[in-house]
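Raw contents of target.csv, CSV, C-alpha atoms and all ligand atoms:
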```csv
chain,number,residue,atom,x,y,z
A,685,MET,CA,24.3,39.9,3.8
A,686,SER,CA,25.4,43.3,4.9
A,687,GLU,CA,24.7,43.0,8.6
A,688,ILE,CA,27.0,41.0,10.9
A,689,GLU,CA,26.8,37.5,9.7
A,690,LYS,CA,25.1,35.1,12.0
A,691,ILE,CA,25.8,31.4,11.8
A,692,ILE,CA,23.3,28.7,12.8
A,693,PRO,CA,23.9,25.0,13.1
A,694,ILE,CA,21.5,22.9,11.1
A,695,GLU,CA,21.3,19.2,11.7
A,696,VAL,CA,20.0,17.3,8.7
A,697,LEU,CA,18.9,13.7,8.6
A,698,ARG,CA,20.8,12.2,5.6
A,699,TYR,CA,20.0,8.9,3.9
A,700,ARG,CA,21.9,8.1,0.8
A,701,PRO,CA,20.9,4.5,0.0
A,702,GLU,CA,24.2,3.8,-1.9
A,703,GLN,CA,26.3,4.6,1.2
A,704,ASP,CA,24.2,4.7,4.3
A,705,THR,CA,22.7,1.5,5.8
A,706,GLU,CA,20.4,3.7,7.9
A,707,PRO,CA,19.6,7.4,8.1
A,708,VAL,CA,22.4,9.5,9.9
A,709,LEU,CA,22.5,13.0,11.2
A,710,GLN,CA,24.9,15.5,9.7
A,711,THR,CA,25.4,19.1,11.0
A,712,PHE,CA,26.1,22.1,8.8
A,713,GLN,CA,27.1,25.6,9.9
A,714,VAL,CA,24.9,27.9,7.9
A,715,PRO,CA,25.2,31.7,7.7
A,716,PHE,CA,21.8,33.3,7.6
A,717,THR,CA,19.8,36.5,7.7
A,718,ASP,CA,16.6,37.1,9.6
A,719,ASP,CA,14.4,36.8,6.5
A,720,MET,CA,15.7,33.3,5.6
A,721,SER,CA,13.4,30.3,5.7
A,722,VAL,CA,14.5,26.9,6.7
A,723,LEU,CA,14.1,25.9,3.0
A,724,GLN,CA,16.6,28.7,2.1
A,725,GLY,CA,19.0,27.3,4.7
A,726,LEU,CA,18.8,23.9,3.0
A,727,GLN,CA,19.3,25.6,-0.4
A,728,TYR,CA,22.4,27.3,1.0
A,729,ILE,CA,23.7,23.9,2.1
A,730,LYS,CA,23.1,22.4,-1.3
A,731,ASP,CA,24.6,25.4,-3.2
A,732,TYR,CA,27.7,25.9,-1.0
A,733,LEU,CA,28.4,23.0,1.4
A,734,ASP,CA,27.1,19.7,0.0
A,735,GLY,CA,25.5,19.5,-3.4
A,736,SER,CA,24.3,15.9,-2.8
A,737,LEU,CA,21.6,17.0,-0.3
A,738,SER,CA,18.2,16.1,-1.6
A,739,PHE,CA,14.9,17.7,-0.7
A,740,ARG,CA,11.6,18.7,-2.5
A,741,TRP,CA,10.5,22.2,-3.0
A,742,SER,CA,8.9,24.4,-5.6
A,743,CYS,CA,6.9,27.5,-4.8
A,744,ARG,CA,8.7,28.9,-1.7
A,745,MET,CA,5.4,30.4,-0.6
A,746,ALA,CA,3.3,27.7,1.1
A,747,ILE,CA,1.2,27.0,-2.0
A,748,CYS,CA,2.7,23.9,-3.6
A,749,GLY,CA,2.9,21.6,-0.6
A,750,SER,CA,6.2,20.0,-1.6
A,751,CYS,CA,8.6,21.1,1.1
A,752,GLY,CA,7.1,19.4,4.2
A,753,MET,CA,9.6,18.1,6.7
A,754,MET,CA,10.1,17.6,10.4
A,755,VAL,CA,11.6,20.7,12.0
A,756,ASN,CA,12.6,19.9,15.5
A,757,GLY,CA,10.1,17.1,15.4
A,758,ILE,CA,7.2,19.2,14.3
A,759,PRO,CA,5.7,18.6,10.8
A,760,SER,CA,6.3,21.9,9.0
A,761,LEU,CA,6.5,23.5,5.6
A,762,SER,CA,10.2,24.5,5.4
A,763,CYS,CA,9.4,27.5,3.3
A,764,LYS,CA,7.0,28.8,6.0
A,765,THR,CA,9.4,28.2,8.9
A,766,PHE,CA,12.2,30.7,9.7
A,767,LEU,CA,15.8,30.1,10.8
A,768,ARG,CA,15.7,33.1,13.1
A,769,ASP,CA,13.3,31.3,15.4
A,770,TYR,CA,15.9,28.7,16.1
A,771,TYR,CA,18.9,30.9,16.6
A,772,PRO,CA,21.3,30.5,18.3
A,773,VAL,CA,20.6,26.9,19.4
A,774,GLY,CA,20.1,25.5,15.9
A,775,LEU,CA,17.5,23.1,14.6
A,776,ARG,CA,17.1,19.6,13.4
A,777,ILE,CA,15.5,18.8,10.0
A,778,GLU,CA,14.3,15.3,9.2
A,779,ALA,CA,12.2,13.7,6.5
A,780,LEU,CA,8.4,13.7,7.2
A,781,ALA,CA,7.5,11.2,9.8
A,782,HIS,CA,5.5,8.0,9.0
A,783,PHE,CA,6.7,7.8,5.4
A,784,PRO,CA,9.5,5.7,4.0
A,785,ILE,CA,12.5,7.8,3.1
A,786,GLU,CA,13.5,7.7,-0.5
A,787,ARG,CA,16.7,9.8,-0.1
A,788,ASP,CA,17.6,12.4,2.5
A,789,LEU,CA,14.5,14.6,3.1
A,790,VAL,CA,12.6,13.1,0.1
A,791,ILE,CA,9.9,10.7,1.2
A,792,VAL,CA,8.1,8.0,-0.8
A,793,MET,CA,4.6,9.4,-1.2
A,794,ASP,CA,3.0,6.5,-3.2
A,795,ASP,CA,0.6,5.7,-0.4
A,796,PHE,CA,-0.8,9.2,-0.3
A,797,ILE,CA,-1.1,9.4,-4.1
A,798,GLU,CA,-2.9,6.1,-4.3
A,799,LYS,CA,-5.4,7.2,-1.6
A,800,LEU,CA,-5.9,10.5,-3.4
A,801,GLU,CA,-6.7,8.7,-6.6
A,802,SER,CA,-9.0,6.3,-4.9
A,803,ILE,CA,-11.4,8.9,-3.5
A,804,LYS,CA,-12.1,10.3,-7.0
A,805,PRO,CA,-11.0,13.9,-6.2
A,806,TYR,CA,-13.1,15.6,-8.9
A,807,ILE,CA,-16.7,16.4,-9.4
A,808,ILE,CA,-18.8,13.5,-10.6
A,809,PRO,CA,-21.9,15.2,-12.0
A,810,LYS,CA,-25.3,14.1,-10.7
A,811,LYS,CA,-26.6,14.3,-14.2
A,812,PRO,CA,-24.2,15.0,-17.1
A,813,ARG,CA,-25.0,18.2,-18.9
A,814,THR,CA,-24.4,18.8,-22.5
A,815,LEU,CA,-22.4,21.8,-23.6
A,816,ILE,CA,-25.5,23.6,-24.7
A,817,GLU,CA,-26.9,23.4,-21.2
A,818,GLY,CA,-24.0,25.4,-19.9
A,819,GLU,CA,-22.0,25.3,-16.7
A,820,TYR,CA,-22.9,23.7,-13.4
A,821,LEU,CA,-24.0,26.7,-11.4
A,822,GLN,CA,-23.5,27.2,-7.7
A,823,THR,CA,-24.6,29.9,-5.2
A,824,PRO,CA,-21.9,31.6,-3.0
A,825,THR,CA,-23.4,29.8,0.0
A,826,GLU,CA,-23.1,26.4,-1.6
A,827,ARG,CA,-19.5,27.3,-2.4
A,828,ASP,CA,-18.8,28.4,1.2
A,829,ALA,CA,-19.8,25.0,2.4
A,830,TYR,CA,-16.7,23.3,1.1
A,831,GLU,CA,-14.2,26.1,0.6
A,832,GLN,CA,-12.2,25.4,3.7
A,833,PHE,CA,-11.7,21.8,2.7
A,834,SER,CA,-10.7,22.7,-0.8
A,835,SER,CA,-7.6,24.7,0.5
A,836,CYS,CA,-5.6,21.5,1.0
A,837,ILE,CA,-2.2,21.6,-0.8
A,838,ASN,CA,-1.4,17.9,-0.3
A,839,CYS,CA,1.6,18.6,1.9
A,840,MET,CA,1.1,15.5,4.0
A,841,LEU,CA,2.0,17.3,7.3
A,842,CYS,CA,-1.2,16.0,8.8
A,843,TYR,CA,-0.1,12.4,8.0
A,844,ALA,CA,3.2,13.0,9.7
A,845,ALA,CA,1.3,14.4,12.7
A,846,CYS,CA,-1.2,11.5,12.9
A,847,PRO,CA,-0.3,8.8,15.4
A,848,GLN,CA,-2.9,6.5,14.0
A,849,TYR,CA,-1.4,6.7,10.5
A,850,GLY,CA,2.0,6.1,12.1
A,851,LEU,CA,0.6,2.9,13.6
A,852,ASN,CA,-1.3,1.7,10.6
A,853,SER,CA,-0.6,3.3,7.2
A,854,LYS,CA,-3.7,1.7,5.7
A,855,PHE,CA,-5.7,4.3,7.6
A,856,ILE,CA,-7.2,6.6,5.0
A,857,GLY,CA,-5.9,9.6,7.0
A,858,PRO,CA,-6.8,13.3,7.6
A,859,GLY,CA,-5.8,15.1,4.4
A,860,ILE,CA,-7.5,12.6,2.1
A,861,MET,CA,-10.7,12.7,4.2
A,862,ALA,CA,-10.7,16.5,4.0
A,863,LEU,CA,-10.6,16.3,0.2
A,864,LEU,CA,-13.1,13.5,0.0
A,865,HIS,CA,-15.4,15.7,2.1
A,866,ARG,CA,-14.8,18.7,-0.1
A,867,TYR,CA,-16.3,16.8,-3.1
A,868,ASN,CA,-19.0,15.1,-1.1
A,869,ILE,CA,-20.5,18.3,0.1
A,870,ASP,CA,-20.2,20.1,-3.2
A,871,SER,CA,-23.7,20.9,-4.5
A,872,ARG,CA,-22.7,20.0,-8.0
A,873,ASP,CA,-21.4,16.6,-7.1
A,874,GLY,CA,-23.2,13.2,-7.2
A,875,GLY,CA,-20.4,10.9,-6.3
A,876,LYS,CA,-20.9,10.7,-2.5
A,877,ALA,CA,-22.3,7.1,-2.6
A,878,GLN,CA,-19.1,5.9,-4.3
A,879,ARG,CA,-16.8,7.8,-2.0
A,880,MET,CA,-18.6,6.6,1.2
A,881,GLU,CA,-17.2,3.1,0.5
A,882,MET,CA,-13.8,4.5,1.5
A,883,VAL,CA,-15.2,6.3,4.5
A,884,ASN,CA,-17.1,3.2,5.8
A,885,ALA,CA,-14.3,0.7,5.2
A,886,GLU,CA,-12.4,-1.0,8.0
A,887,ASP,CA,-9.4,1.3,7.4
A,888,GLY,CA,-11.7,4.3,6.8
A,889,VAL,CA,-12.7,7.0,9.1
A,890,PHE,CA,-13.0,5.0,12.3
A,891,ASP,CA,-9.3,4.4,12.7
A,892,CYS,CA,-9.2,8.0,13.9
A,893,THR,CA,-9.1,8.5,17.7
A,894,ALA,CA,-9.7,12.2,17.6
A,895,VAL,CA,-6.2,13.3,18.5
A,896,GLY,CA,-6.5,16.5,16.5
A,897,TYR,CA,-2.8,17.2,16.0
A,898,CYS,CA,-3.5,17.0,12.2
A,899,SER,CA,-5.5,20.2,12.3
A,900,LYS,CA,-2.9,21.9,14.4
A,901,VAL,CA,-0.1,21.4,12.0
A,902,CYS,CA,-2.1,22.0,8.8
A,903,PRO,CA,-0.6,25.2,7.2
A,904,LYS,CA,-3.8,26.0,5.3
A,905,HIS,CA,-6.3,25.8,8.2
A,906,VAL,CA,-8.2,23.0,6.4
A,907,ASP,CA,-9.1,21.4,9.8
A,908,PRO,CA,-8.8,17.9,8.4
A,909,GLY,CA,-9.6,16.5,11.9
A,910,ASN,CA,-13.1,18.0,11.6
A,911,ALA,CA,-13.6,16.4,8.2
A,912,VAL,CA,-12.8,13.1,9.7
A,913,ASN,CA,-15.1,13.7,12.6
A,914,LEU,CA,-18.0,14.9,10.4
A,915,ASN,CA,-17.6,11.7,8.3
A,916,LYS,CA,-17.8,9.4,11.3
A,917,MET,CA,-21.3,10.7,11.7
A,918,GLU,CA,-21.9,10.4,8.0
A,919,SER,CA,-20.7,6.8,8.1
A,920,ALA,CA,-22.8,5.9,11.1
A,921,LYS,CA,-25.8,7.3,9.3
A,922,ASP,CA,-24.9,5.3,6.2
A,923,TYR,CA,-24.4,2.2,8.3
A,924,PHE,CA,-27.9,2.2,9.7
A,925,LEU,CA,-29.8,3.9,7.0
A,926,ARG,CA,-28.8,1.3,4.4
A,927,PHE,CA,-31.3,-1.0,6.2
A,928,VAL,CA,-34.1,1.5,5.6
A,929,MET,CA,-33.1,2.9,2.3
A,930,PRO,CA,-32.3,1.1,-0.9
A,931,LYS,CA,-28.6,0.7,-2.0
A,932,GLY,CA,-26.6,3.8,-2.4
A,933,THR,CA,-27.7,5.9,0.6
A,934,GLY,CA,-25.2,8.4,-0.6
A,935,LYS,CA,-27.5,11.4,0.0
B,45,MET,CA,-3.3,0.7,-0.2
B,46,SER,CA,-4.6,-2.5,-1.7
B,47,ALA,CA,-8.2,-1.3,-1.2
B,48,ASN,CA,-9.8,-3.2,1.6
B,49,LEU,CA,-13.3,-1.9,1.3
B,50,LYS,CA,-14.9,-4.2,3.8
B,51,ARG,CA,-17.5,-2.2,5.7
B,52,SER,CA,-16.4,-1.5,9.3
B,53,ASN,CA,-18.7,-2.3,12.2
B,54,GLN,CA,-17.3,0.5,14.2
B,55,PRO,CA,-20.3,2.7,13.8
B,56,ILE,CA,-22.1,0.6,16.4
B,57,PHE,CA,-19.4,1.0,18.9
B,58,TRP,CA,-18.7,4.5,18.0
B,59,LEU,CA,-22.3,5.5,18.6
B,60,LEU,CA,-22.4,3.7,21.9
B,61,PHE,CA,-19.1,5.4,22.8
B,62,GLY,CA,-20.5,8.8,21.8
B,63,ALA,CA,-23.7,8.4,23.6
B,64,GLY,CA,-21.9,7.2,26.7
B,65,GLY,CA,-19.5,10.1,26.5
B,66,MET,CA,-22.2,12.6,26.2
B,67,LEU,CA,-24.1,11.1,29.2
B,68,SER,CA,-21.1,10.7,31.4
B,69,ALA,CA,-20.0,14.3,30.7
B,70,LEU,CA,-23.5,15.6,31.5
B,71,LEU,CA,-24.4,13.4,34.4
B,72,GLY,CA,-21.2,11.7,35.7
B,73,PRO,CA,-19.8,14.5,38.0
B,74,MET,CA,-23.3,15.2,39.3
B,75,LEU,CA,-23.9,11.5,40.1
B,76,VAL,CA,-20.5,11.2,41.8
B,77,PHE,CA,-21.4,14.3,43.9
B,78,ILE,CA,-24.9,13.1,44.8
B,79,THR,CA,-24.2,9.5,45.5
B,80,GLY,CA,-20.6,9.7,46.8
B,81,ILE,CA,-20.5,13.0,48.7
B,82,ALA,CA,-23.8,14.8,49.2
B,83,ILE,CA,-25.9,11.9,50.4
B,84,PRO,CA,-23.4,10.1,52.7
B,85,LEU,CA,-22.5,13.4,54.3
B,86,GLY,CA,-26.1,14.5,54.5
B,87,LEU,CA,-25.6,17.6,52.5
B,88,ILE,CA,-28.7,18.9,50.6
B,89,PHE,CA,-30.3,15.4,50.8
B,90,SER,CA,-30.8,13.3,53.9
B,91,PRO,CA,-28.7,10.2,54.1
B,92,GLU,CA,-32.0,8.3,53.9
B,93,THR,CA,-32.5,9.3,50.3
B,94,MET,CA,-30.6,6.4,49.0
B,95,SER,CA,-31.8,3.8,51.6
B,96,TYR,CA,-32.4,0.3,50.4
B,97,SER,CA,-36.1,0.7,50.3
B,98,HIS,CA,-35.9,3.9,48.4
B,99,MET,CA,-33.5,2.5,45.8
B,100,HIS,CA,-35.5,-0.6,45.6
B,101,ALA,CA,-38.6,1.3,44.7
B,102,PHE,CA,-36.6,3.4,42.2
B,103,ALA,CA,-35.4,0.3,40.4
B,104,HIS,CA,-38.9,-1.1,40.3
B,105,HIS,CA,-40.3,1.8,38.4
B,106,TRP,CA,-39.6,1.5,34.6
B,107,ILE,CA,-38.1,5.0,34.5
B,108,GLY,CA,-35.7,4.3,37.3
B,109,ALA,CA,-34.8,0.9,35.9
B,110,GLY,CA,-34.3,2.4,32.5
B,111,PHE,CA,-32.1,5.1,34.0
B,112,ILE,CA,-29.9,2.7,35.9
B,113,TRP,CA,-29.6,0.4,32.8
B,114,VAL,CA,-28.6,3.3,30.5
B,115,ILE,CA,-26.1,4.7,33.0
B,116,VAL,CA,-24.4,1.4,33.7
B,117,SER,CA,-24.2,0.2,30.1
B,118,LEU,CA,-23.5,3.4,28.2
B,119,PHE,CA,-20.8,4.5,30.7
B,120,LEU,CA,-19.1,1.1,30.3
B,121,TRP,CA,-19.4,1.2,26.5
B,122,HIS,CA,-17.7,4.6,26.5
B,123,ALA,CA,-15.0,3.4,28.9
B,124,GLY,CA,-14.3,0.2,26.9
B,125,HIS,CA,-13.9,2.0,23.6
B,126,ARG,CA,-11.8,4.7,25.1
B,127,ILE,CA,-9.5,2.2,26.9
B,128,PHE,CA,-9.2,0.0,23.8
B,129,HIS,CA,-8.0,2.9,21.7
B,130,SER,CA,-5.6,4.2,24.4
B,131,LEU,CA,-3.9,0.8,24.9
B,132,HIS,CA,-1.2,1.6,22.5
B,133,ASP,CA,-0.2,4.7,24.5
B,134,VAL,CA,0.6,2.6,27.5
B,135,GLY,CA,2.5,0.1,25.4
B,136,ILE,CA,-0.1,-2.7,25.0
B,137,HIS,CA,-0.8,-4.0,21.5
B,138,ALA,CA,-4.5,-3.7,20.9
B,139,GLY,CA,-5.2,-7.1,19.5
B,140,THR,CA,-8.1,-9.5,19.5
B,141,LEU,CA,-7.8,-10.3,23.2
B,142,ALA,CA,-7.9,-6.7,24.1
B,143,ARG,CA,-10.9,-6.2,21.9
B,144,ILE,CA,-12.8,-9.0,23.5
B,145,ILE,CA,-12.0,-7.7,27.0
B,146,CYS,CA,-12.7,-4.0,26.2
B,147,TYR,CA,-16.0,-4.7,24.4
B,148,GLY,CA,-16.9,-7.9,26.2
B,149,ILE,CA,-17.2,-6.3,29.7
B,150,PRO,CA,-19.7,-3.6,28.5
B,151,LEU,CA,-21.7,-6.2,26.6
B,152,LEU,CA,-21.8,-8.5,29.6
B,153,ALA,CA,-22.7,-5.7,31.9
B,154,THR,CA,-25.5,-4.5,29.6
B,155,VAL,CA,-27.0,-8.0,29.5
B,156,LEU,CA,-26.6,-8.6,33.3
B,157,ALA,CA,-28.0,-5.2,34.2
B,158,ALA,CA,-31.0,-5.8,31.9
B,159,ARG,CA,-31.5,-9.3,33.4
B,160,SER,CA,-31.5,-8.1,36.9
B,161,LEU,CA,-33.6,-5.0,36.3
B,162,ILE,CA,-36.3,-6.5,34.1
B,163,PRO,CA,-37.6,-9.0,36.7
B,164,SER,CA,-38.0,-6.1,39.1
B,165,LEU,CA,-40.5,-4.6,36.7
B,166,ILE,CA,-42.7,-7.6,36.4
A,1001,LIG,S1,-5.1,18.9,5.2
A,1001,LIG,FE1,-3.6,20.5,5.7
A,1001,LIG,S2,-1.8,19.4,6.5
A,1001,LIG,FE2,-3.1,17.8,5.5
A,1001,LIG,S3,-2.3,17.6,3.4
A,1001,LIG,FE3,-3.9,19.2,3.3
A,1001,LIG,S4,-2.9,21.2,3.6
A,1001,LIG,FE4,-1.4,19.6,4.3
A,1002,LIG,S1,8.0,25.2,-1.4
A,1002,LIG,FE1,5.9,25.1,-1.9
A,1002,LIG,S2,4.9,24.9,0.0
A,1002,LIG,FE2,7.0,25.2,0.6
```

Go ahead and express the file in the form of structure tokens.
Amino acid sequence: MSEIEKIIPIEVLRYRPEQDTEPVLQTFQVPFTDDMSVLQGLQYIKDYLDGSLSFRWSCRMAICGSCGMMVNGIPSLSCKTFLRDYYPVGLRIEALAHFPIERDLVIVMDDFIEKLESIKPYIIPKKPRTLIEGEYLQTPTERDAYEQFSSCINCMLCYAACPQYGLNSKFIGPGIMALLHRYNIDSRDGGKAQRMEMVNAEDGVFDCTAVGYCSKVCPKHVDPGNAVNLNKMESAKDYFLRFVMPKGTGK
Amino acid sequence: MSANLKRSNQPIFWLLFGAGGMLSALLGPMLVFITGIAIPLGLIFSPETMSYSHMHAFAHHWIGAGFIWVIVSLFLWHAGHRIFHSLHDVGIHAGTLARIICYGIPLLATVLAARSLIPSLI
């Protein structure tokens, strides 16, 4: 920090279950340089001001999806958001909206993980191949079909953005739908019929009211809102085609 | 997420909503202009265009009757679904009563419109 030191006030939502009955705001004065992310601001607080502050992070480069929080009320990756953009007014950091708080900025993500498991986020081969038959091949075009939806880093920003998830956390939600879609449209996959059960369910895709904020906050341009919308049509087809076609209208 | 995998019936309402939305976007403004502004003011069309006898004849042809029926019912299905899902934003809990009202009105209107249009065809 060779240049003149700038100080920015950072308000952090604290919740320490052993001493707080409810979350409280605490302000820290943090010296920063222009290249410092919000995450680095929190790390400064933890290293020099209050070691008890808890938050999740790992990669520091928008790849792992651990550091999602509300920055001035907007779901953001704290490693991809910069302190300089909030100077001199300061900023407020809170735990991701719509999730229970475990401690400070750490949320309970069990709901998301359960949903993630439920959609079988892996390729279910149409016909198992033996080793001797070699890999499951795919053309570049077939790969392009799902690539965008495969960029999801499970950061849950879209869940914090979704008003419908906020109202009813049973709703399957945007990010999980994007991942479900990613496997359903993979040419090597044969698990669509199984996954459609989640899409068609009462708390499946139709809880969405096409707000679109999920796609706006997504740091990886996954466009989960589009995945949800595409699956409304898929589900509607599935709804009516099951009368015409035998069980498992997956394809 | 204690997996409630009961199939949702929403596809029916969502398709009616979607069809109504498409129609109202394409035809709504034009219909408002023709029936509400152009004809009463005698712009483009003469005020006689929508006289009782003309409209009566229109409704007696199956194409005209079908058009009226589709416009009345699908516009309402669209509106009902949209209103139902927007209730929360104006602070009303979208429960069973709201559901009955929001989907009941379009259903009733669809049936009534069909009932009053079909006899005119026979
Ligand atoms: S879809 Fe985007 S916002 Fe949602 S979890 Fe995946 S990366 Fe995050
Ligand atoms: S620390 Fe990995 S995404 Fe921010």

Q) Can you tell me, as number ranges by chain, which residues sit within 8 Å of (-2.6, 24.0, -0.9) in the file's frame, using all atoms listed in the file? A) A: 746-749, 835-839, 904

**Q.** Counting only C-alpha atoms, chain B residues within 8 Å of chain A, as a list of chain:residue names
**A.**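 My answer is B:Met45, B:Asn48, B:Leu49, B:Lys50, B:Arg51, B:Ser52, B:Asn53, B:Gln54, B:Pro55, B:Ile56, B:Leu59, B:His129.
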
Q: Please identify the residues whose atoms come within 10 Å of ligand LIG 1001 (chain A), using only C-alpha atoms and all ligand atoms, and report them as an NGL selection string.
A: :A and (746-750 or 752 or 759-761 or 796 or 832-846 or 857-863 or 897-909 or 911)

Q | Distance criterion (all atoms listed in the file): nearest to Trp58 in chain B out of A:Cys751, A:Leu723, A:Ile807, A:Ala894 | A | A:Ala894

Quick one: residues within 12 Å of Thr93 in chain B, only C-alpha atoms counted, chain neighbours fewer than 3 positions away excluded, as a short mmCIF file (atom, residue, chain, number, x, y, z; two decimals) with C-alpha atoms, in the frame of the given file?
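Generated file (out_35.cif):
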```
data_model
loop_
_atom_site.label_atom_id
_atom_site.label_comp_id
_atom_site.auth_asym_id
_atom_site.auth_seq_id
_atom_site.Cartn_x
_atom_site.Cartn_y
_atom_site.Cartn_z
CA ILE B 78 -24.90 13.10 44.80
CA THR B 79 -24.20 9.50 45.50
CA ALA B 82 -23.80 14.80 49.20
CA ILE B 83 -25.90 11.90 50.40
CA PRO B 84 -23.40 10.10 52.70
CA LEU B 85 -22.50 13.40 54.30
CA GLY B 86 -26.10 14.50 54.50
CA LEU B 87 -25.60 17.60 52.50
CA ILE B 88 -28.70 18.90 50.60
CA PHE B 89 -30.30 15.40 50.80
CA SER B 90 -30.80 13.30 53.90
CA TYR B 96 -32.40 0.30 50.40
CA SER B 97 -36.10 0.70 50.30
CA HIS B 98 -35.90 3.90 48.40
CA MET B 99 -33.50 2.50 45.80
CA HIS B 100 -35.50 -0.60 45.60
CA ALA B 101 -38.60 1.30 44.70
CA PHE B 102 -36.60 3.40 42.20
#
```

Q: Can you pull out every residue within 12 Å of Ile162 in chain B, counting all atoms listed in the file, but drop anything in the same chain fewer than 3 positions away, and send it as number ranges by chain?
A: B: 103-110, 112-113, 154-159, 165-166

Can you write out the residues you just picked, keeping C-alpha atoms, as a PDB file, in the coordinates of the input?
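Final output, result_24.pdb:
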```pdb
ATOM      1  CA  ALA B 103     -35.400   0.300  40.400  1.00  0.00           C
ATOM      2  CA  HIS B 104     -38.900  -1.100  40.300  1.00  0.00           C
ATOM      3  CA  HIS B 105     -40.300   1.800  38.400  1.00  0.00           C
ATOM      4  CA  TRP B 106     -39.600   1.500  34.600  1.00  0.00           C
ATOM      5  CA  ILE B 107     -38.100   5.000  34.500  1.00  0.00           C
ATOM      6  CA  GLY B 108     -35.700   4.300  37.300  1.00  0.00           C
ATOM      7  CA  ALA B 109     -34.800   0.900  35.900  1.00  0.00           C
ATOM      8  CA  GLY B 110     -34.300   2.400  32.500  1.00  0.00           C
ATOM      9  CA  ILE B 112     -29.900   2.700  35.900  1.00  0.00           C
ATOM     10  CA  TRP B 113     -29.600   0.400  32.800  1.00  0.00           C
ATOM     11  CA  THR B 154     -25.500  -4.500  29.600  1.00  0.00           C
ATOM     12  CA  VAL B 155     -27.000  -8.000  29.500  1.00  0.00           C
ATOM     13  CA  LEU B 156     -26.600  -8.600  33.300  1.00  0.00           C
ATOM     14  CA  ALA B 157     -28.000  -5.200  34.200  1.00  0.00           C
ATOM     15  CA  ALA B 158     -31.000  -5.800  31.900  1.00  0.00           C
ATOM     16  CA  ARG B 159     -31.500  -9.300  33.400  1.00  0.00           C
ATOM     17  CA  LEU B 165     -40.500  -4.600  36.700  1.00  0.00           C
ATOM     18  CA  ILE B 166     -42.700  -7.600  36.400  1.00  0.00           C
TER      19      ILE B 166
END
```

Q: Just the residues within 6 Å of Ile692 in chain A, please, counting all atoms listed in the file, with nothing from its chain fewer than 5 positions along; format it as a ChimeraX atom specification.
A: /A:713-714,774

Q | Coordinates-based distance that separates CA of Leu161 in chain B from CA of Ser95 in chain B (Å, one decimal) | A | 17.7 Å

Q. What is the distance, in Å and to one decimal place, between CA of Cys743 in chain A and CA of Gly757 in chain A?
A.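 Pair CA of Cys743 in chain A / CA of Gly757 in chain A returns 22.9 Å.
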